[in-house]
$ cat query23.pdb   # PDB, C-alpha atoms
MODEL        1
ATOM      1  CA  MET A   1      30.660  21.361   2.475
ATOM      2  CA  HIS A   2      34.170  20.696   3.733
ATOM      3  CA  ILE A   3      34.066  19.126   7.157
ATOM      4  CA  ALA A   4      37.227  20.504   8.736
ATOM      5  CA  GLU A   5      40.197  18.328   9.717
ATOM      6  CA  GLY A   6      39.537  16.403  12.932
ATOM      7  CA  PHE A   7      35.922  17.491  13.146
ATOM      8  CA  LEU A   8      34.427  14.038  12.827
ATOM      9  CA  PRO A   9      34.797  11.550  15.698
ATOM     10  CA  ALA A  10      37.144   8.736  14.677
ATOM     11  CA  PRO A  11      34.443   6.032  14.172
ATOM     12  CA  HIS A  12      32.570   8.364  11.793
ATOM     13  CA  ALA A  13      35.767   9.325   9.976
ATOM     14  CA  ILE A  14      36.651   5.667   9.456
ATOM     15  CA  GLY A  15      33.098   4.693   8.531
ATOM     16  CA  TRP A  16      32.796   7.326   5.810
ATOM     17  CA  THR A  17      36.247   6.498   4.464
ATOM     18  CA  VAL A  18      35.244   2.835   4.159
ATOM     19  CA  ALA A  19      31.982   3.890   2.496
ATOM     20  CA  ALA A  20      33.632   6.216  -0.024
ATOM     21  CA  ALA A  21      36.687   4.099  -0.899
ATOM     22  CA  PRO A  22      34.978   1.568  -3.225
ATOM     23  CA  PHE A  23      33.376   4.410  -5.192
ATOM     24  CA  VAL A  24      36.739   6.134  -5.620
ATOM     25  CA  VAL A  25      38.509   2.927  -6.676
ATOM     26  CA  HIS A  26      35.695   2.123  -9.087
ATOM     27  CA  GLY A  27      35.932   5.727 -10.341
ATOM     28  CA  ALA A  28      39.668   5.420 -10.954
ATOM     29  CA  ARG A  29      39.067   2.301 -13.040
ATOM     30  CA  ALA A  30      36.279   4.093 -14.933
ATOM     31  CA  VAL A  31      38.669   6.944 -15.804
ATOM     32  CA  VAL A  32      41.362   4.534 -16.994
ATOM     33  CA  ARG A  33      38.835   2.595 -19.061
ATOM     34  CA  GLU A  34      37.430   5.790 -20.605
ATOM     35  CA  VAL A  35      40.891   7.027 -21.616
ATOM     36  CA  ARG A  36      41.919   3.628 -22.985
ATOM     37  CA  GLU A  37      38.746   2.928 -24.951
ATOM     38  CA  ARG A  38      38.082   6.477 -26.097
ATOM     39  CA  PRO A  39      41.351   8.430 -26.140
ATOM     40  CA  GLU A  40      39.487  11.340 -27.745
ATOM     41  CA  SER A  41      37.623  11.759 -24.430
ATOM     42  CA  THR A  42      40.791  12.940 -22.685
ATOM     43  CA  LEU A  43      40.205  16.592 -23.580
ATOM     44  CA  LEU A  44      36.662  16.579 -22.211
ATOM     45  CA  LEU A  45      37.776  14.648 -19.120
ATOM     46  CA  GLY A  46      40.242  17.456 -18.518
ATOM     47  CA  ALA A  47      37.462  19.988 -18.949
ATOM     48  CA  ALA A  48      35.244  18.154 -16.451
ATOM     49  CA  GLY A  49      38.006  18.028 -13.851
ATOM     50  CA  ALA A  50      38.989  21.640 -14.478
ATOM     51  CA  PHE A  51      35.374  22.791 -14.097
ATOM     52  CA  THR A  52      35.181  21.249 -10.599
ATOM     53  CA  PHE A  53      38.606  22.660  -9.775
ATOM     54  CA  VAL A  54      37.603  26.242 -10.580
ATOM     55  CA  LEU A  55      34.120  26.198  -9.105
ATOM     56  CA  SER A  56      35.095  24.617  -5.792
ATOM     57  CA  ALA A  57      37.836  27.242  -5.312
ATOM     58  CA  ILE A  58      35.529  30.222  -5.468
ATOM     59  CA  LYS A  59      33.597  31.234  -2.380
ATOM     60  CA  LEU A  60      30.586  33.334  -3.170
ATOM     61  CA  PRO A  61      28.288  35.484  -1.061
ATOM     62  CA  SER A  62      24.687  34.378  -0.641
ATOM     63  CA  VAL A  63      21.388  35.829   0.511
ATOM     64  CA  THR A  64      21.804  34.413   4.000
ATOM     65  CA  GLY A  65      24.766  36.673   4.776
ATOM     66  CA  SER A  66      27.257  33.824   4.666
ATOM     67  CA  SER A  67      29.299  32.555   1.772
ATOM     68  CA  SER A  68      29.906  29.165   0.242
ATOM     69  CA  HIS A  69      31.259  27.595  -2.918
ATOM     70  CA  PRO A  70      29.703  25.660  -5.776
ATOM     71  CA  THR A  71      30.858  22.110  -6.579
ATOM     72  CA  GLY A  72      30.883  21.747 -10.364
ATOM     73  CA  THR A  73      30.674  17.956 -10.139
ATOM     74  CA  GLY A  74      27.454  17.710 -12.160
ATOM     75  CA  ALA A  75      29.099  18.554 -15.488
ATOM     76  CA  GLY A  76      31.413  15.549 -15.457
ATOM     77  CA  ALA A  77      28.620  13.313 -14.173
ATOM     78  CA  VAL A  78      26.463  14.220 -17.169
ATOM     79  CA  LEU A  79      29.357  13.825 -19.636
ATOM     80  CA  PHE A  80      31.003  10.652 -18.330
ATOM     81  CA  ARG A  81      28.574   9.226 -15.742
ATOM     82  CA  PRO A  82      29.111   9.641 -11.990
ATOM     83  CA  PRO A  83      31.915   7.094 -11.277
ATOM     84  CA  VAL A  84      34.430   9.270 -13.123
ATOM     85  CA  MET A  85      33.623  12.169 -10.812
ATOM     86  CA  ALA A  86      34.218  10.018  -7.733
ATOM     87  CA  LEU A  87      37.908  10.113  -8.654
ATOM     88  CA  LEU A  88      38.123  13.661 -10.025
ATOM     89  CA  GLY A  89      36.181  15.082  -7.063
ATOM     90  CA  THR A  90      38.375  13.262  -4.562
ATOM     91  CA  VAL A  91      41.510  14.635  -6.248
ATOM     92  CA  VAL A  92      40.120  18.156  -5.771
ATOM     93  CA  LEU A  93      39.357  17.449  -2.105
ATOM     94  CA  LEU A  94      42.831  16.024  -1.562
ATOM     95  CA  PHE A  95      44.436  19.124  -3.093
ATOM     96  CA  GLN A  96      42.402  21.340  -0.760
ATOM     97  CA  ALA A  97      43.062  19.187   2.302
ATOM     98  CA  LEU A  98      46.823  19.116   1.748
ATOM     99  CA  LEU A  99      47.540  22.640   0.496
ATOM    100  CA  LEU A 100      44.695  24.815   1.728
ATOM    101  CA  ALA A 101      43.904  23.292   5.140
ATOM    102  CA  HIS A 102      40.362  23.157   3.739
ATOM    103  CA  GLY A 103      38.646  19.922   4.653
ATOM    104  CA  GLY A 104      41.100  17.321   5.899
ATOM    105  CA  LEU A 105      42.591  13.866   5.647
ATOM    106  CA  THR A 106      40.537  12.408   8.513
ATOM    107  CA  THR A 107      37.377  13.861   6.953
ATOM    108  CA  LEU A 108      38.368  13.101   3.347
ATOM    109  CA  GLY A 109      36.126  10.037   3.252
ATOM    110  CA  ALA A 110      33.041  11.887   4.472
ATOM    111  CA  ASN A 111      33.726  14.867   2.206
ATOM    112  CA  ALA A 112      34.385  12.631  -0.794
ATOM    113  CA  PHE A 113      31.133  10.783  -0.109
ATOM    114  CA  ALA A 114      29.168  14.062  -0.189
ATOM    115  CA  PHE A 115      31.122  15.880  -2.916
ATOM    116  CA  ALA A 116      32.302  13.120  -5.248
ATOM    117  CA  VAL A 117      29.675  10.379  -4.767
ATOM    118  CA  VAL A 118      26.263  11.695  -3.671
ATOM    119  CA  GLY A 119      26.507  14.994  -5.589
ATOM    120  CA  PRO A 120      27.382  13.483  -8.985
ATOM    121  CA  TRP A 121      24.828  10.656  -8.608
ATOM    122  CA  ALA A 122      22.046  13.050  -7.579
ATOM    123  CA  GLY A 123      22.894  15.330 -10.491
ATOM    124  CA  TYR A 124      23.058  12.437 -12.932
ATOM    125  CA  GLY A 125      19.745  11.078 -11.644
ATOM    126  CA  ALA A 126      18.112  14.469 -12.102
ATOM    127  CA  TYR A 127      19.586  14.700 -15.605
ATOM    128  CA  ARG A 128      18.281  11.281 -16.629
ATOM    129  CA  LEU A 129      14.857  12.035 -15.170
ATOM    130  CA  ALA A 130      14.661  15.386 -16.972
ATOM    131  CA  ARG A 131      15.730  13.834 -20.297
ATOM    132  CA  SER A 132      13.265  10.962 -19.944
ATOM    133  CA  LEU A 133      10.505  13.517 -19.375
ATOM    134  CA  GLY A 134      11.404  15.070 -22.720
ATOM    135  CA  ALA A 135      13.694  17.920 -21.604
ATOM    136  CA  GLY A 136      16.497  18.928 -23.931
ATOM    137  CA  LEU A 137      20.196  18.696 -23.151
ATOM    138  CA  LEU A 138      20.547  22.180 -21.679
ATOM    139  CA  PRO A 139      17.581  22.031 -19.257
ATOM    140  CA  GLY A 140      18.876  18.606 -18.240
ATOM    141  CA  VAL A 141      22.322  20.084 -17.577
ATOM    142  CA  PHE A 142      20.805  22.885 -15.524
ATOM    143  CA  VAL A 143      18.954  20.556 -13.141
ATOM    144  CA  ALA A 144      21.936  18.204 -12.988
ATOM    145  CA  LEU A 145      24.410  20.849 -11.867
ATOM    146  CA  ALA A 146      22.019  22.616  -9.508
ATOM    147  CA  LEU A 147      21.009  19.353  -7.842
ATOM    148  CA  ALA A 148      24.542  17.948  -7.612
ATOM    149  CA  ASP A 149      25.518  21.132  -5.777
ATOM    150  CA  LEU A 150      22.536  21.114  -3.409
ATOM    151  CA  ALA A 151      22.672  17.372  -2.698
ATOM    152  CA  THR A 152      26.330  17.662  -1.672
ATOM    153  CA  TYR A 153      25.529  20.235   1.002
ATOM    154  CA  VAL A 154      22.473  18.340   2.229
ATOM    155  CA  THR A 155      24.679  15.257   2.626
ATOM    156  CA  THR A 156      27.276  17.218   4.593
ATOM    157  CA  SER A 157      24.527  18.519   6.897
ATOM    158  CA  LEU A 158      23.232  14.999   7.523
ATOM    159  CA  GLN A 159      26.754  13.664   8.112
ATOM    160  CA  LEU A 160      27.337  16.325  10.753
ATOM    161  CA  ALA A 161      23.927  15.718  12.316
ATOM    162  CA  LEU A 162      24.753  12.023  12.558
ATOM    163  CA  ALA A 163      28.038  12.789  14.319
ATOM    164  CA  PHE A 164      26.712  15.569  16.544
ATOM    165  CA  PRO A 165      23.060  14.893  17.408
ATOM    166  CA  ASP A 166      21.361  17.725  19.241
ATOM    167  CA  ALA A 167      21.136  17.334  23.030
ATOM    168  CA  ALA A 168      17.404  18.108  22.917
ATOM    169  CA  GLY A 169      16.305  17.441  19.318
ATOM    170  CA  GLY A 170      18.491  14.427  18.561
ATOM    171  CA  PHE A 171      19.397  13.694  14.946
ATOM    172  CA  ALA A 172      16.438  15.603  13.479
ATOM    173  CA  GLY A 173      17.168  18.689  15.543
ATOM    174  CA  ALA A 174      20.816  18.662  14.560
ATOM    175  CA  ALA A 175      19.941  18.048  10.911
ATOM    176  CA  ALA A 176      17.647  21.077  10.931
ATOM    177  CA  LYS A 177      20.437  23.132  12.502
ATOM    178  CA  PHE A 178      23.118  22.131   9.983
ATOM    179  CA  LEU A 179      20.731  22.316   7.029
ATOM    180  CA  GLY A 180      20.001  25.848   8.209
ATOM    181  CA  VAL A 181      23.696  26.659   7.936
ATOM    182  CA  PHE A 182      24.329  24.955   4.584
ATOM    183  CA  ALA A 183      21.245  24.349   2.500
ATOM    184  CA  LEU A 184      19.593  27.762   2.322
ATOM    185  CA  THR A 185      22.884  29.534   1.586
ATOM    186  CA  GLN A 186      23.436  27.073  -1.218
ATOM    187  CA  VAL A 187      20.198  27.691  -3.137
ATOM    188  CA  PRO A 188      21.320  30.781  -5.135
ATOM    189  CA  LEU A 189      24.719  29.165  -5.660
ATOM    190  CA  ALA A 190      23.093  26.036  -7.024
ATOM    191  CA  VAL A 191      21.024  28.107  -9.455
ATOM    192  CA  ALA A 192      24.144  30.001 -10.555
ATOM    193  CA  GLU A 193      26.014  26.732 -10.992
ATOM    194  CA  GLY A 194      23.182  25.414 -13.164
ATOM    195  CA  LEU A 195      23.433  28.517 -15.346
ATOM    196  CA  LEU A 196      27.234  28.184 -15.614
ATOM    197  CA  GLY A 197      26.729  24.578 -16.696
ATOM    198  CA  VAL A 198      24.333  25.717 -19.414
ATOM    199  CA  LEU A 199      26.991  28.209 -20.593
ATOM    200  CA  LEU A 200      29.617  25.445 -20.676
ATOM    201  CA  PHE A 201      27.420  23.001 -22.571
ATOM    202  CA  ARG A 202      26.358  25.693 -25.056
ATOM    203  CA  VAL A 203      30.029  25.976 -25.978
ATOM    204  CA  LEU A 204      30.441  22.200 -26.027
ATOM    205  CA  THR A 205      27.408  21.518 -28.257
ATOM    206  CA  VAL A 206      28.944  23.792 -30.890
ATOM    207  CA  ASN A 207      32.592  22.811 -30.584
ATOM    208  CA  ALA A 208      32.563  19.258 -29.262
ATOM    209  CA  ARG A 209      29.558  17.888 -31.101
ATOM    210  CA  PRO A 210      31.261  14.635 -32.206
ATOM    211  CA  GLU A 211      32.223  13.831 -28.589
ATOM    212  CA  LEU A 212      28.755  14.625 -27.233
ATOM    213  CA  GLU A 213      27.214  12.358 -29.890
ATOM    214  CA  ARG A 214      29.617   9.576 -29.051
ATOM    215  CA  LEU A 215      28.856   9.929 -25.341
ATOM    216  CA  GLY A 216      25.162   9.708 -26.173
ATOM    217  CA  LEU A 217      24.229  13.214 -25.022
ATOM    218  CA  LEU A 218      23.128  14.394 -28.449
ATOM    219  CA  ARG A 219      21.499  12.451 -31.212
ATOM    220  CA  PRO A 220      23.709  12.313 -34.304
ATOM    221  CA  ALA A 221      22.660  14.985 -36.767
ATOM    222  CA  PRO A 222      21.144  13.733 -40.045
ATOM    223  CA  LEU A 223      23.966  13.312 -42.546
ATOM    224  CA  ALA A 224      22.749  15.848 -45.095
ATOM    225  CA  THR A 225      22.624  18.744 -42.637
ATOM    226  CA  THR A 226      25.729  17.925 -40.610
ATOM    227  CA  GLU A 227      27.563  20.936 -41.988
ATOM    228  CA  GLU A 228      24.848  23.440 -41.100
ATOM    229  CA  VAL A 229      24.141  22.215 -37.595
ATOM    230  CA  ARG A 230      25.928  24.380 -35.084
TER
ATOM    231  CA  MET B 231      24.147  33.863 -34.298
ATOM    232  CA  THR B 232      23.071  37.195 -32.783
ATOM    233  CA  ARG B 233      20.262  35.550 -30.853
ATOM    234  CA  ARG B 234      22.851  33.130 -29.544
ATOM    235  CA  ARG B 235      25.000  35.995 -28.309
ATOM    236  CA  VAL B 236      22.051  37.654 -26.550
ATOM    237  CA  VAL B 237      21.227  34.429 -24.724
ATOM    238  CA  THR B 238      24.870  34.056 -23.674
ATOM    239  CA  ALA B 239      24.986  37.640 -22.388
ATOM    240  CA  LEU B 240      21.742  37.155 -20.453
ATOM    241  CA  LEU B 241      23.051  33.954 -18.846
ATOM    242  CA  VAL B 242      26.265  35.685 -17.746
ATOM    243  CA  LEU B 243      24.256  38.640 -16.451
ATOM    244  CA  ALA B 244      21.983  36.326 -14.455
ATOM    245  CA  VAL B 245      24.977  34.653 -12.790
ATOM    246  CA  VAL B 246      26.513  38.017 -11.864
ATOM    247  CA  ALA B 247      23.153  39.287 -10.570
ATOM    248  CA  LEU B 248      22.724  36.229  -8.342
ATOM    249  CA  PHE B 249      25.835  37.279  -6.406
ATOM    250  CA  ALA B 250      25.736  41.050  -6.813
ATOM    251  CA  LEU B 251      22.139  41.415  -5.593
ATOM    252  CA  PRO B 252      22.640  39.915  -2.102
ATOM    253  CA  LEU B 253      25.666  42.178  -1.639
ATOM    254  CA  VAL B 254      23.796  45.297  -2.752
ATOM    255  CA  LEU B 255      20.541  44.575  -0.912
ATOM    256  CA  ASP B 256      22.399  43.724   2.245
ATOM    257  CA  GLY B 257      24.316  46.993   2.274
ATOM    258  CA  GLY B 258      27.320  45.645   4.181
ATOM    259  CA  ALA B 259      25.394  44.361   7.200
ATOM    260  CA  SER B 260      26.718  40.795   6.941
ATOM    261  CA  GLU B 261      30.247  39.488   7.200
ATOM    262  CA  TYR B 262      29.801  36.622   4.735
ATOM    263  CA  ALA B 263      31.621  34.091   6.830
ATOM    264  CA  GLY B 264      32.071  30.748   5.120
ATOM    265  CA  THR B 265      29.413  28.134   5.899
ATOM    266  CA  ASP B 266      32.185  25.619   6.616
ATOM    267  CA  SER B 267      33.532  27.722   9.494
ATOM    268  CA  LEU B 268      29.986  28.438  10.739
ATOM    269  CA  ALA B 269      29.477  24.686  11.021
ATOM    270  CA  THR B 270      32.751  24.121  12.895
ATOM    271  CA  GLY B 271      31.803  27.006  15.204
ATOM    272  CA  THR B 272      28.482  25.324  15.972
ATOM    273  CA  ILE B 273      30.254  22.049  16.706
ATOM    274  CA  GLU B 274      32.859  23.625  18.969
ATOM    275  CA  GLU B 275      30.088  25.349  20.958
ATOM    276  CA  SER B 276      28.842  21.891  21.890
ATOM    277  CA  GLY B 277      32.175  21.232  23.597
ATOM    278  CA  TYR B 278      33.817  19.129  20.896
ATOM    279  CA  THR B 279      37.533  19.529  20.288
ATOM    280  CA  PRO B 280      39.008  18.381  16.980
ATOM    281  CA  TRP B 281      41.389  15.461  17.435
ATOM    282  CA  PHE B 282      43.567  15.998  14.401
ATOM    283  CA  GLU B 283      45.290  19.054  12.950
ATOM    284  CA  SER B 284      45.830  19.871   9.288
ATOM    285  CA  VAL B 285      49.141  18.543   8.010
ATOM    286  CA  PHE B 286      49.901  21.914   6.490
ATOM    287  CA  SER B 287      48.112  25.207   7.152
ATOM    288  CA  PRO B 288      48.712  28.363   5.147
ATOM    289  CA  SER B 289      50.530  30.752   7.480
ATOM    290  CA  SER B 290      48.302  33.741   6.767
ATOM    291  CA  SER B 291      45.013  34.528   5.085
ATOM    292  CA  GLU B 292      47.002  36.123   2.248
ATOM    293  CA  VAL B 293      48.849  32.871   1.582
ATOM    294  CA  GLU B 294      45.552  30.992   1.847
ATOM    295  CA  SER B 295      43.726  33.203  -0.657
ATOM    296  CA  GLY B 296      46.753  32.969  -2.918
ATOM    297  CA  LEU B 297      46.541  29.173  -2.870
ATOM    298  CA  PHE B 298      42.801  29.328  -3.567
ATOM    299  CA  ALA B 299      43.558  31.635  -6.488
ATOM    300  CA  LEU B 300      46.129  29.104  -7.680
ATOM    301  CA  GLN B 301      43.498  26.380  -7.608
ATOM    302  CA  ALA B 302      41.068  28.527  -9.609
ATOM    303  CA  ALA B 303      43.817  29.529 -12.039
ATOM    304  CA  LEU B 304      44.821  25.902 -12.667
ATOM    305  CA  GLY B 305      41.200  24.930 -13.294
ATOM    306  CA  GLY B 306      40.457  27.998 -15.403
ATOM    307  CA  GLY B 307      43.647  27.537 -17.405
ATOM    308  CA  VAL B 308      42.942  23.910 -18.250
ATOM    309  CA  LEU B 309      39.286  24.640 -19.041
ATOM    310  CA  GLY B 310      40.261  27.514 -21.328
ATOM    311  CA  TYR B 311      42.889  25.362 -23.045
ATOM    312  CA  VAL B 312      40.396  22.584 -23.752
ATOM    313  CA  LEU B 313      37.645  24.902 -24.996
ATOM    314  CA  GLY B 314      40.159  26.794 -27.138
ATOM    315  CA  ARG B 315      41.430  23.592 -28.708
ATOM    316  CA  LEU B 316      37.913  22.340 -29.403
ATOM    317  CA  ARG B 317      36.989  25.663 -31.002
ATOM    318  CA  GLY B 318      40.154  25.697 -33.108
ATOM    319  CA  ARG B 319      39.455  22.145 -34.201
ATOM    320  CA  ARG B 320      35.945  23.064 -35.346
ATOM    321  CA  GLN B 321      37.171  26.126 -37.231
ATOM    322  CA  ALA B 322      39.906  24.149 -38.936
ATOM    323  CA  ARG B 323      37.353  21.559 -39.981
ATOM    324  CA  GLU B 324      35.037  24.240 -41.341
ATOM    325  CA  ALA B 325      37.863  25.857 -43.309
ATOM    326  CA  ASN B 326      38.952  22.492 -44.757
ATOM    327  CA  PRO B 327      35.976  20.113 -44.753
ATOM    328  CA  PRO B 328      37.244  16.533 -44.602
ATOM    329  CA  VAL B 329      37.306  14.985 -48.070
ATOM    330  CA  GLU B 330      34.972  12.019 -48.417
ATOM    331  CA  ALA B 331      36.918   8.805 -48.700
ATOM    332  CA  PRO B 332      36.541   7.356 -52.200
TER
ENDMDL
END
$ encode --input "query23.pdb" --output "structure tokens"
Amino acid sequence: MHIAEGFLPAPHAIGWTVAAAPFVVHGARAVVREVRERPESTLLLGAAGAFTFVLSAIKLPSVTGSSSHPTGTGAGAVLFRPPVMALLGTVVLLFQALLLAHGGLTTLGANAFAFAVVGPWAGYGAYRLARSLGAGLLPGVFVALALADLATYVTTSLQLALAFPDAAGGFAGAAAKFLGVFALTQVPLAVAEGLLGVLLFRVLTVNARPELERLGLLRPAPLATTEEVR
Amino acid sequence: MTRRRVVTALLVLAVVALFALPLVLDGGASEYAGTDSLATGTIEESGYTPWFESVFSPSSSEVESGLFALQAALGGGVLGYVLGRLRGRRQAREANPPVEAP
């Protein structure tokens, strides 16, 4: 989903930067507020950032014969709501743009919009919808992570289509072309990312139960059975 | 607890299978180029030339994969540290249940 350095015409690069900036600033304030009001969240915040860091570093082969990487932004979005991920995701993108020549500074805004804004919000929306339909925490986490991943790549495709409309097919033609590159490859990766999220939250429900209750992900266990619940 | 372990093993197996199967079924016919570079290739075909270069580019693919490994190691290290601490905290609490305040 990384649009390479210099690969967006300047007006698009500026436009996406302007669009993403308020989300990132708001996200930075959300992180500061979270740490100040709930210092015990710091550990889990670290876990959320680390999860994105690992997953977005690993390129994996897919059925289409090309390879791509997961995003891992859904986990933090479910734990701390999406604004927090706007900052953490942008930090990851900045690291990759500066050290790995992956993505870029001119395309940071567009990439942050796809990776750190649309992805987390789509995942969080899917999570809330699943929970309101009666799904448990783990199924909710699965759809959240899978959808955050997929939505990020769909956004990248549309951003590229907007910048490079097809000579014959216009925006729709270009969108189909870029979705063909990104979206299909991403489907097995999104499923795998959903499963990894379930693995992570299985560990968290056992070991970080107090935090998950405080964040409103799990209902507090009845007092009498607190000791047995695992 | 055993059922829990089986579920965990199955989840891990499913993740591995999702990536191993395409490789096996394909039998080495594909090159598995990154989708990011496929997209830039498509754009360059249309005659576009990028107007800005990366501030710093790894000098070889070895250096690049090393830096990617560094990124994964940093993330994996922090994640492992947090999960380890949380697990240790739970075990300590189970060994010494907090005394109810009088």
$ residues_around --input "query23.pdb" --residues "range 57-69 of chain A" --least-positions-apart "3" --cutoff "7 Å" --atoms "all atoms listed in the file" --output "list in words"
Phe53, Val54, Thr185, Gln186 and Pro188 of chain A; Phe249, Pro252, Ser260, Glu261, Tyr262, Ala263, Gly264, Thr265, Phe298, Gln301 and Ala302 of chain B
$ resolve_selection --input "query23.pdb" --expression "the PyMOL selection byres ((chain A) within 8 of (chain B))" --output "ChimeraX atom specification"
/A:1-9,43-44,46-47,49-55,57-63,65-68,97-101,104-106,164,178,181-182,185,188-189,192,195-196,199,203-204,207-208
$ write_last_selection --input "query23.pdb" --atoms "C-alpha atoms" --output "PDB file, keeping the file's coordinate frame"
ATOM      1  CA  MET A   1      30.660  21.361   2.475  1.00  0.00           C
ATOM      2  CA  HIS A   2      34.170  20.696   3.733  1.00  0.00           C
ATOM      3  CA  ILE A   3      34.066  19.126   7.157  1.00  0.00           C
ATOM      4  CA  ALA A   4      37.227  20.504   8.736  1.00  0.00           C
ATOM      5  CA  GLU A   5      40.197  18.328   9.717  1.00  0.00           C
ATOM      6  CA  GLY A   6      39.537  16.403  12.932  1.00  0.00           C
ATOM      7  CA  PHE A   7      35.922  17.491  13.146  1.00  0.00           C
ATOM      8  CA  LEU A   8      34.427  14.038  12.827  1.00  0.00           C
ATOM      9  CA  PRO A   9      34.797  11.550  15.698  1.00  0.00           C
ATOM     10  CA  LEU A  43      40.205  16.592 -23.580  1.00  0.00           C
ATOM     11  CA  LEU A  44      36.662  16.579 -22.211  1.00  0.00           C
ATOM     12  CA  GLY A  46      40.242  17.456 -18.518  1.00  0.00           C
ATOM     13  CA  ALA A  47      37.462  19.988 -18.949  1.00  0.00           C
ATOM     14  CA  GLY A  49      38.006  18.028 -13.851  1.00  0.00           C
ATOM     15  CA  ALA A  50      38.989  21.640 -14.478  1.00  0.00           C
ATOM     16  CA  PHE A  51      35.374  22.791 -14.097  1.00  0.00           C
ATOM     17  CA  THR A  52      35.181  21.249 -10.599  1.00  0.00           C
ATOM     18  CA  PHE A  53      38.606  22.660  -9.775  1.00  0.00           C
ATOM     19  CA  VAL A  54      37.603  26.242 -10.580  1.00  0.00           C
ATOM     20  CA  LEU A  55      34.120  26.198  -9.105  1.00  0.00           C
ATOM     21  CA  ALA A  57      37.836  27.242  -5.312  1.00  0.00           C
ATOM     22  CA  ILE A  58      35.529  30.222  -5.468  1.00  0.00           C
ATOM     23  CA  LYS A  59      33.597  31.234  -2.380  1.00  0.00           C
ATOM     24  CA  LEU A  60      30.586  33.334  -3.170  1.00  0.00           C
ATOM     25  CA  PRO A  61      28.288  35.484  -1.061  1.00  0.00           C
ATOM     26  CA  SER A  62      24.687  34.378  -0.641  1.00  0.00           C
ATOM     27  CA  VAL A  63      21.388  35.829   0.511  1.00  0.00           C
ATOM     28  CA  GLY A  65      24.766  36.673   4.776  1.00  0.00           C
ATOM     29  CA  SER A  66      27.257  33.824   4.666  1.00  0.00           C
ATOM     30  CA  SER A  67      29.299  32.555   1.772  1.00  0.00           C
ATOM     31  CA  SER A  68      29.906  29.165   0.242  1.00  0.00           C
ATOM     32  CA  ALA A  97      43.062  19.187   2.302  1.00  0.00           C
ATOM     33  CA  LEU A  98      46.823  19.116   1.748  1.00  0.00           C
ATOM     34  CA  LEU A  99      47.540  22.640   0.496  1.00  0.00           C
ATOM     35  CA  LEU A 100      44.695  24.815   1.728  1.00  0.00           C
ATOM     36  CA  ALA A 101      43.904  23.292   5.140  1.00  0.00           C
ATOM     37  CA  GLY A 104      41.100  17.321   5.899  1.00  0.00           C
ATOM     38  CA  LEU A 105      42.591  13.866   5.647  1.00  0.00           C
ATOM     39  CA  THR A 106      40.537  12.408   8.513  1.00  0.00           C
ATOM     40  CA  PHE A 164      26.712  15.569  16.544  1.00  0.00           C
ATOM     41  CA  PHE A 178      23.118  22.131   9.983  1.00  0.00           C
ATOM     42  CA  VAL A 181      23.696  26.659   7.936  1.00  0.00           C
ATOM     43  CA  PHE A 182      24.329  24.955   4.584  1.00  0.00           C
ATOM     44  CA  THR A 185      22.884  29.534   1.586  1.00  0.00           C
ATOM     45  CA  PRO A 188      21.320  30.781  -5.135  1.00  0.00           C
ATOM     46  CA  LEU A 189      24.719  29.165  -5.660  1.00  0.00           C
ATOM     47  CA  ALA A 192      24.144  30.001 -10.555  1.00  0.00           C
ATOM     48  CA  LEU A 195      23.433  28.517 -15.346  1.00  0.00           C
ATOM     49  CA  LEU A 196      27.234  28.184 -15.614  1.00  0.00           C
ATOM     50  CA  LEU A 199      26.991  28.209 -20.593  1.00  0.00           C
ATOM     51  CA  VAL A 203      30.029  25.976 -25.978  1.00  0.00           C
ATOM     52  CA  LEU A 204      30.441  22.200 -26.027  1.00  0.00           C
ATOM     53  CA  ASN A 207      32.592  22.811 -30.584  1.00  0.00           C
ATOM     54  CA  ALA A 208      32.563  19.258 -29.262  1.00  0.00           C
TER      55      ALA A 208
END
$ atom_distance --input "query23.pdb" --atom1 "CA of Ala110 in chain A" --atom2 "CA of Phe201 in chain A"
29.8 Å
$ atom_distance --input "query23.pdb" --atom1 "CA of Ala176 in chain A" --atom2 "CA of Ala163 in chain A"
13.7 Å
$ atom_distance --input "query23.pdb" --atom1 "CA of Val191 in chain A" --atom2 "CA of Gly216 in chain A"
25.2 Å
$ axis_aligned_box --input "query23.pdb" --around "range 64-73 of chain A" --padding-each-side "5 Å" --output "AutoDock Vina command-line options"
--center_x 26.5 --center_y 27.3 --center_z -2.8 --size_x 19.5 --size_y 28.7 --size_z 25.1
$ resolve_selection --input "query23.pdb" --expression "the PyMOL selection byres ((chain A and resi 24) around 8)" --output "list in words"
Ala20, Ala21, Pro22, Phe23, Val25, His26, Gly27, Ala28, Pro83, Ala86, Leu87 and Thr90 of chain A
$ residues_around --input "query23.pdb" --residues "Ala122 in chain A" --least-positions-apart "4" --cutoff "8 Å" --atoms "only C-alpha atoms" --output "list of chain:residue names"
A:Val118, A:Ala126, A:Ala144, A:Leu147, A:Ala148, A:Ala151
$ write_last_selection --input "query23.pdb" --atoms "C-alpha atoms" --output "compact mmCIF listing (two decimals), in the coordinates of the input"
# COMPACT_ATOMS: atom_id res chain seq x y z
CA VAL A 118 26.26 11.70 -3.67
CA ALA A 126 18.11 14.47 -12.10
CA ALA A 144 21.94 18.20 -12.99
CA LEU A 147 21.01 19.35 -7.84
CA ALA A 148 24.54 17.95 -7.61
CA ALA A 151 22.67 17.37 -2.70
$ residues_near_point --input "query23.pdb" --point "(25.7, 18.3, -8.8)" --cutoff "6 Å" --atoms "all atoms listed in the file" --output "ChimeraX atom specification"
/A:73-74,119-120,123,144-149
